[in-house]
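Dumped work-v2.cif below, it's mmCIF, C-alpha atoms:
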```
data_upload
loop_
_atom_site.group_PDB
_atom_site.id
_atom_site.type_symbol
_atom_site.label_atom_id
_atom_site.label_comp_id
_atom_site.auth_asym_id
_atom_site.auth_seq_id
_atom_site.Cartn_x
_atom_site.Cartn_y
_atom_site.Cartn_z
ATOM 1 C CA ALA A 272 0.000 0.000 0.000
ATOM 2 C CA LEU A 273 2.838 2.376 0.844
ATOM 3 C CA GLN A 274 4.580 1.536 -2.432
ATOM 4 C CA LYS A 275 1.438 2.383 -4.440
ATOM 5 C CA GLU A 276 0.988 5.669 -2.548
ATOM 6 C CA ASN A 277 4.673 6.493 -3.153
ATOM 7 C CA ASP A 278 4.314 5.736 -6.898
ATOM 8 C CA ASP A 279 1.182 7.911 -7.087
ATOM 9 C CA LEU A 280 3.035 10.774 -5.385
ATOM 10 C CA ARG A 281 5.924 10.446 -7.839
ATOM 11 C CA VAL A 282 3.496 10.686 -10.786
ATOM 12 C CA THR A 283 1.794 13.706 -9.217
ATOM 13 C CA ASN A 284 5.188 15.342 -8.590
ATOM 14 C CA LEU A 285 6.230 14.737 -12.221
ATOM 15 C CA GLN A 286 2.956 16.267 -13.470
ATOM 16 C CA LEU A 287 3.449 19.315 -11.247
ATOM 17 C CA THR A 288 7.031 19.709 -12.505
ATOM 18 C CA ILE A 289 5.808 19.618 -16.128
ATOM 19 C CA ASN A 290 3.039 22.140 -15.350
ATOM 20 C CA ASP A 291 5.567 24.396 -13.570
ATOM 21 C CA THR A 292 7.906 24.308 -16.586
ATOM 22 C CA GLU A 293 5.012 25.173 -18.926
ATOM 23 C CA LEU A 294 3.947 28.088 -16.688
ATOM 24 C CA VAL A 295 7.493 29.448 -16.492
ATOM 25 C CA SER A 296 7.695 29.316 -20.305
ATOM 26 C CA LYS A 297 4.351 31.117 -20.693
ATOM 27 C CA VAL A 298 5.357 33.839 -18.210
ATOM 28 C CA ALA A 299 8.664 34.372 -20.040
ATOM 29 C CA LYS A 300 6.786 34.718 -23.351
ATOM 30 C CA LEU A 301 4.332 37.244 -21.862
ATOM 31 C CA GLU A 302 7.174 39.246 -20.329
ATOM 32 C CA ALA A 303 8.981 39.356 -23.701
ATOM 33 C CA GLU A 304 5.818 40.558 -25.466
ATOM 34 C CA SER A 305 5.207 43.243 -22.845
ATOM 35 C CA MET A 306 8.656 44.680 -23.620
ATOM 36 C CA LYS A 307 7.534 45.409 -27.184
ATOM 37 C CA ARG A 308 6.356 48.993 -26.967
ATOM 38 C CA ALA A 309 6.384 51.816 -29.466
ATOM 39 C CA SER A 310 4.708 55.222 -29.319
ATOM 40 C CA PHE A 311 5.284 58.768 -30.472
ATOM 41 C CA HIS A 312 3.602 62.158 -30.662
ATOM 42 C CA ALA A 313 5.175 64.758 -32.932
ATOM 43 C CA HIS A 314 4.175 68.378 -33.567
ATOM 44 C CA GLY A 315 5.632 71.636 -34.876
ATOM 45 C CA LEU A 316 5.392 71.633 -38.661
ATOM 46 C CA SER A 317 8.833 72.616 -39.932
ATOM 47 C CA GLU A 318 7.590 74.166 -43.195
ATOM 48 C CA SER A 319 4.108 75.669 -43.585
ATOM 49 C CA ARG A 320 4.185 75.330 -47.400
ATOM 50 C CA PRO A 321 5.622 71.879 -48.090
ATOM 51 C CA SER A 322 5.932 70.614 -51.651
ATOM 52 C CA ILE A 323 3.170 68.334 -52.884
ATOM 53 C CA ASN A 324 3.753 64.593 -52.299
ATOM 54 C CA THR A 325 6.335 65.196 -49.569
ATOM 55 C CA PRO A 326 6.155 64.270 -45.871
ATOM 56 C CA LEU A 327 4.748 66.800 -43.433
ATOM 57 C CA ILE A 328 7.860 67.021 -41.260
ATOM 58 C CA LEU A 329 7.234 67.706 -37.586
ATOM 59 C CA ASN A 330 10.347 68.833 -35.763
ATOM 60 C CA SER A 331 9.427 68.218 -32.126
ATOM 61 C CA THR A 332 8.353 65.128 -30.198
ATOM 62 C CA VAL A 333 6.606 64.930 -26.849
ATOM 63 C CA VAL A 334 6.862 61.123 -26.701
ATOM 64 C CA ASN A 335 9.160 58.988 -28.852
ATOM 65 C CA THR A 336 9.709 55.573 -27.245
ATOM 66 C CA PRO A 337 11.897 54.014 -28.453
ATOM 67 C CA VAL A 338 13.093 56.572 -31.009
ATOM 68 C CA VAL A 339 10.626 55.576 -33.752
ATOM 69 C CA TYR A 340 9.768 58.982 -35.284
ATOM 70 C CA ASP A 341 12.514 60.818 -37.176
ATOM 71 C CA THR A 342 12.163 64.609 -36.880
ATOM 72 C CA LEU A 343 14.461 65.087 -39.906
ATOM 73 C CA THR A 344 12.431 62.957 -42.347
ATOM 74 C CA GLY A 345 8.953 63.101 -40.759
ATOM 75 C CA LYS A 346 8.723 59.309 -40.882
ATOM 76 C CA PHE A 347 7.884 56.644 -38.309
ATOM 77 C CA THR A 348 9.786 53.346 -38.558
ATOM 78 C CA ALA A 349 8.145 50.214 -37.114
ATOM 79 C CA PRO A 350 10.489 48.598 -34.575
ATOM 80 C CA PHE A 351 8.440 45.366 -34.448
ATOM 81 C CA ASP A 352 6.009 43.361 -36.555
ATOM 82 C CA GLY A 353 2.474 44.123 -35.388
ATOM 83 C CA THR A 354 -0.666 46.228 -35.598
ATOM 84 C CA TYR A 355 -0.253 49.999 -35.195
ATOM 85 C CA PHE A 356 -2.673 52.909 -34.828
ATOM 86 C CA PHE A 357 -1.941 56.394 -36.224
ATOM 87 C CA VAL A 358 -3.597 59.814 -35.939
ATOM 88 C CA GLY A 359 -2.703 62.885 -37.980
ATOM 89 C CA THR A 360 -4.110 66.408 -37.775
ATOM 90 C CA THR A 361 -3.474 69.420 -39.956
ATOM 91 C CA GLY A 362 -5.361 72.190 -41.675
ATOM 92 C CA SER A 363 -5.201 75.264 -43.823
ATOM 93 C CA TRP A 364 -4.193 78.596 -42.385
ATOM 94 C CA THR A 365 -6.031 80.736 -44.941
ATOM 95 C CA SER A 366 -9.757 80.938 -45.836
ATOM 96 C CA GLY A 367 -10.715 79.178 -49.045
ATOM 97 C CA GLN A 368 -7.683 76.877 -49.053
ATOM 98 C CA VAL A 369 -8.194 73.133 -48.694
ATOM 99 C CA ALA A 370 -5.371 71.247 -46.985
ATOM 100 C CA GLN A 371 -5.236 67.739 -48.436
ATOM 101 C CA PHE A 372 -3.086 65.111 -46.756
ATOM 102 C CA GLU A 373 -2.760 61.343 -46.519
ATOM 103 C CA LEU A 374 -1.432 58.600 -44.288
ATOM 104 C CA THR A 375 1.247 56.742 -46.231
ATOM 105 C CA VAL A 376 2.926 53.383 -45.605
ATOM 106 C CA ASP A 377 6.137 52.861 -47.582
ATOM 107 C CA GLY A 378 4.860 55.211 -50.294
ATOM 108 C CA GLY A 379 1.378 53.670 -50.598
ATOM 109 C CA GLN A 380 -1.703 55.597 -49.534
ATOM 110 C CA VAL A 381 -3.603 54.122 -46.596
ATOM 111 C CA MET A 382 -6.172 56.923 -46.370
ATOM 112 C CA SER A 383 -6.559 60.572 -47.271
ATOM 113 C CA PHE A 384 -8.432 63.533 -45.897
ATOM 114 C CA GLN A 385 -8.878 67.238 -46.450
ATOM 115 C CA SER A 386 -9.969 70.313 -44.561
ATOM 116 C CA THR A 387 -13.215 72.007 -45.583
ATOM 117 C CA GLY A 388 -11.616 75.236 -46.774
ATOM 118 C CA ALA A 389 -13.982 77.208 -44.537
ATOM 119 C CA GLY A 390 -11.026 78.675 -42.574
ATOM 120 C CA PRO A 391 -9.207 80.623 -41.534
ATOM 121 C CA GLU A 392 -7.760 78.077 -39.157
ATOM 122 C CA ASP A 393 -9.626 75.092 -40.585
ATOM 123 C CA SER A 394 -8.365 71.664 -39.485
ATOM 124 C CA SER A 395 -9.077 67.980 -40.048
ATOM 125 C CA THR A 396 -7.939 64.711 -38.525
ATOM 126 C CA LEU A 397 -7.371 61.288 -40.033
ATOM 127 C CA HIS A 398 -6.687 58.012 -38.291
ATOM 128 C CA GLY A 399 -5.936 54.484 -39.346
ATOM 129 C CA MET A 400 -4.872 51.085 -38.112
ATOM 130 C CA VAL A 401 -2.409 49.044 -40.151
ATOM 131 C CA HIS A 402 -0.340 45.901 -39.818
ATOM 132 C CA LEU A 403 3.362 46.615 -40.307
ATOM 133 C CA SER A 404 6.507 44.553 -40.523
ATOM 134 C CA LYS A 405 9.660 45.692 -38.764
ATOM 135 C CA GLY A 406 11.276 48.478 -40.796
ATOM 136 C CA HIS A 407 8.123 49.678 -42.588
ATOM 137 C CA LYS A 408 7.853 53.470 -42.702
ATOM 138 C CA VAL A 409 4.710 55.563 -42.121
ATOM 139 C CA TRP A 410 4.232 59.301 -42.633
ATOM 140 C CA MET A 411 1.721 62.043 -43.382
ATOM 141 C CA LYS A 412 2.077 63.282 -46.935
ATOM 142 C CA ALA A 413 1.090 66.718 -48.270
ATOM 143 C CA ARG A 414 -1.373 66.421 -51.178
ATOM 144 C CA SER A 415 -1.948 70.135 -51.807
ATOM 145 C CA THR A 416 0.254 73.214 -51.973
ATOM 146 C CA VAL A 417 -1.617 75.387 -49.495
ATOM 147 C CA GLU A 418 -0.281 77.089 -46.402
ATOM 148 C CA TYR A 419 -0.671 74.397 -43.742
ATOM 149 C CA TRP A 420 -1.469 75.400 -40.165
ATOM 150 C CA PRO A 421 1.770 74.645 -38.227
ATOM 151 C CA GLU A 422 0.392 75.063 -34.712
ATOM 152 C CA VAL A 423 -2.260 72.343 -35.026
ATOM 153 C CA THR A 424 -0.349 69.897 -37.200
ATOM 154 C CA SER A 425 0.532 66.747 -35.293
ATOM 155 C CA PHE A 426 1.189 63.074 -35.949
ATOM 156 C CA SER A 427 0.932 60.270 -33.377
ATOM 157 C CA GLY A 428 1.119 56.517 -33.395
ATOM 158 C CA PHE A 429 1.525 53.490 -31.186
ATOM 159 C CA LEU A 430 1.842 49.714 -31.268
ATOM 160 C CA VAL A 431 -1.537 48.150 -30.502
ATOM 161 C CA ASN A 432 -0.633 44.486 -30.689
ATOM 162 C CA PRO A 433 2.800 42.992 -31.397
ATOM 163 C CA ASP A 434 3.015 39.817 -33.459
ATOM 164 C CA PRO A 435 4.076 36.770 -31.457
#
```

Kindly transcribe the structure held in the file into structure tokens.
Amino acid sequence: ALQKENDDLRVTNLQLTINDTELVSKVAKLEAESMKRASFHAHGLSESRPSINTPLILNSTVVNTPVVYDTLTGKFTAPFDGTYFFVGTTGSWTSGQVAQFELTVDGGQVMSFQSTGAGPEDSSTLHGMVHLSKGHKVWMKARSTVEYWPEVTSFSGFLVNPDP
């Protein structure tokens, strides 16, 4: 009887050891995923009359963790594979001008938007969620040659869900 009880305890101990190893592995995976973070908020349009089809370059960041937004190029670079969310705001400074802009991923349009032209000080916001691979670049592109409103122009983004 004691031998059977001892054998049963050995089996239970082995099962608990296996479960413990699996839990340790799962915790390590969750900890690694939680380290994948990326966010930025940029503002301060460097040029109020950018050329058409060029990035709206914002020269100041409030948040940039890790350094994912380049204030020299106006582009965000994805540090990880995953799903990202972006928000961009700009507008026209002068009445009757329509500020057209788009969210661009590696040169391809994701979405576009424009102000109403009812200004002065007319602004609009676009947002989008995209899946990116590490190294993909995202930016806001000027689609019209109006005088953009520097004080309200901003671009933000963050990693929503990293790929496993």

For the file shown, what are the residues hit by the PyMOL selection byres ((chain A and resi 412-416) around 9), laid out as a ChimeraX atom specification? /A:320-328,369-375,380,383,385,410-411,417-419

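The closest residue to His407 (chain A), picked from A:Asn290, A:Ser394, A:Pro337, A:Asp352 and counting all atoms listed in the file, is A:Asp352.
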
The PyMOL selection byres ((chain A and resi 335) around 10) on the file shown: which residues, as a PDB file with C-alpha atoms, in the coordinates of the input?
```
ATOM      1  CA  ALA A 309       6.384  51.816 -29.466  1.00  0.00           C
ATOM      2  CA  SER A 310       4.708  55.222 -29.319  1.00  0.00           C
ATOM      3  CA  PHE A 311       5.284  58.768 -30.472  1.00  0.00           C
ATOM      4  CA  HIS A 312       3.602  62.158 -30.662  1.00  0.00           C
ATOM      5  CA  ALA A 313       5.175  64.758 -32.932  1.00  0.00           C
ATOM      6  CA  SER A 331       9.427  68.218 -32.126  1.00  0.00           C
ATOM      7  CA  THR A 332       8.353  65.128 -30.198  1.00  0.00           C
ATOM      8  CA  VAL A 333       6.606  64.930 -26.849  1.00  0.00           C
ATOM      9  CA  VAL A 334       6.862  61.123 -26.701  1.00  0.00           C
ATOM     10  CA  THR A 336       9.709  55.573 -27.245  1.00  0.00           C
ATOM     11  CA  PRO A 337      11.897  54.014 -28.453  1.00  0.00           C
ATOM     12  CA  VAL A 338      13.093  56.572 -31.009  1.00  0.00           C
ATOM     13  CA  VAL A 339      10.626  55.576 -33.752  1.00  0.00           C
ATOM     14  CA  TYR A 340       9.768  58.982 -35.284  1.00  0.00           C
ATOM     15  CA  ASP A 341      12.514  60.818 -37.176  1.00  0.00           C
ATOM     16  CA  PHE A 347       7.884  56.644 -38.309  1.00  0.00           C
ATOM     17  CA  SER A 427       0.932  60.270 -33.377  1.00  0.00           C
ATOM     18  CA  GLY A 428       1.119  56.517 -33.395  1.00  0.00           C
ATOM     19  CA  PHE A 429       1.525  53.490 -31.186  1.00  0.00           C
TER      20      PHE A 429
END
```

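Relative to CA of Ile289 (chain A), CA of Asp434 (chain A) is found at 26.8 Å.
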
Between CA of Gly378 (chain A) and CA of Thr424 (chain A), what distance in Å does the model show, to one decimal? 20.4 Å

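Nearest-residue note for Leu316 (chain A): choosing from A:Val423, A:Val358, A:Val431, A:Leu280, the minimum distance belongs to A:Val423, counting only C-alpha atoms.
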
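For the atom pair formed by CA of Asn277 (chain A) and CA of Val295 (chain A), the distance is 26.7 Å, given to one decimal.
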
Using only C-alpha atoms: which of A:Phe384, A:Asp393, A:Lys297, A:Ser425 has the shortest distance to Leu329 (chain A): A:Ser425

Selection near Gly353 (chain A), 12 Å with all atoms listed in the file, sequence-local residues under 6 positions removed, as a list in words: Glu304, Lys307, Arg308, Ala309, Met400, Val401, His402, Leu403, Ser404, Lys405, Gly406, His407, Phe429, Leu430, Val431, Asn432, Pro433, Asp434 and Pro435 of chain A

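Distance annotation: of A:Thr361, A:Phe426, A:Met382, A:Gly345, the residue with the minimal separation from Lys408 (chain A) is A:Gly345; atom set is only C-alpha atoms.
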
Taking all listed atoms of region 413-423 of chain A, build the axis-aligned box, pad each of the six sides by 6 Å, then write its centre and edge lengths in Å to one decimal as AutoDock Vina command-line options.
```
--center_x -0.2 --center_y 71.8 --center_z -43.3 --size_x 16.0 --size_y 22.7 --size_z 29.3
```
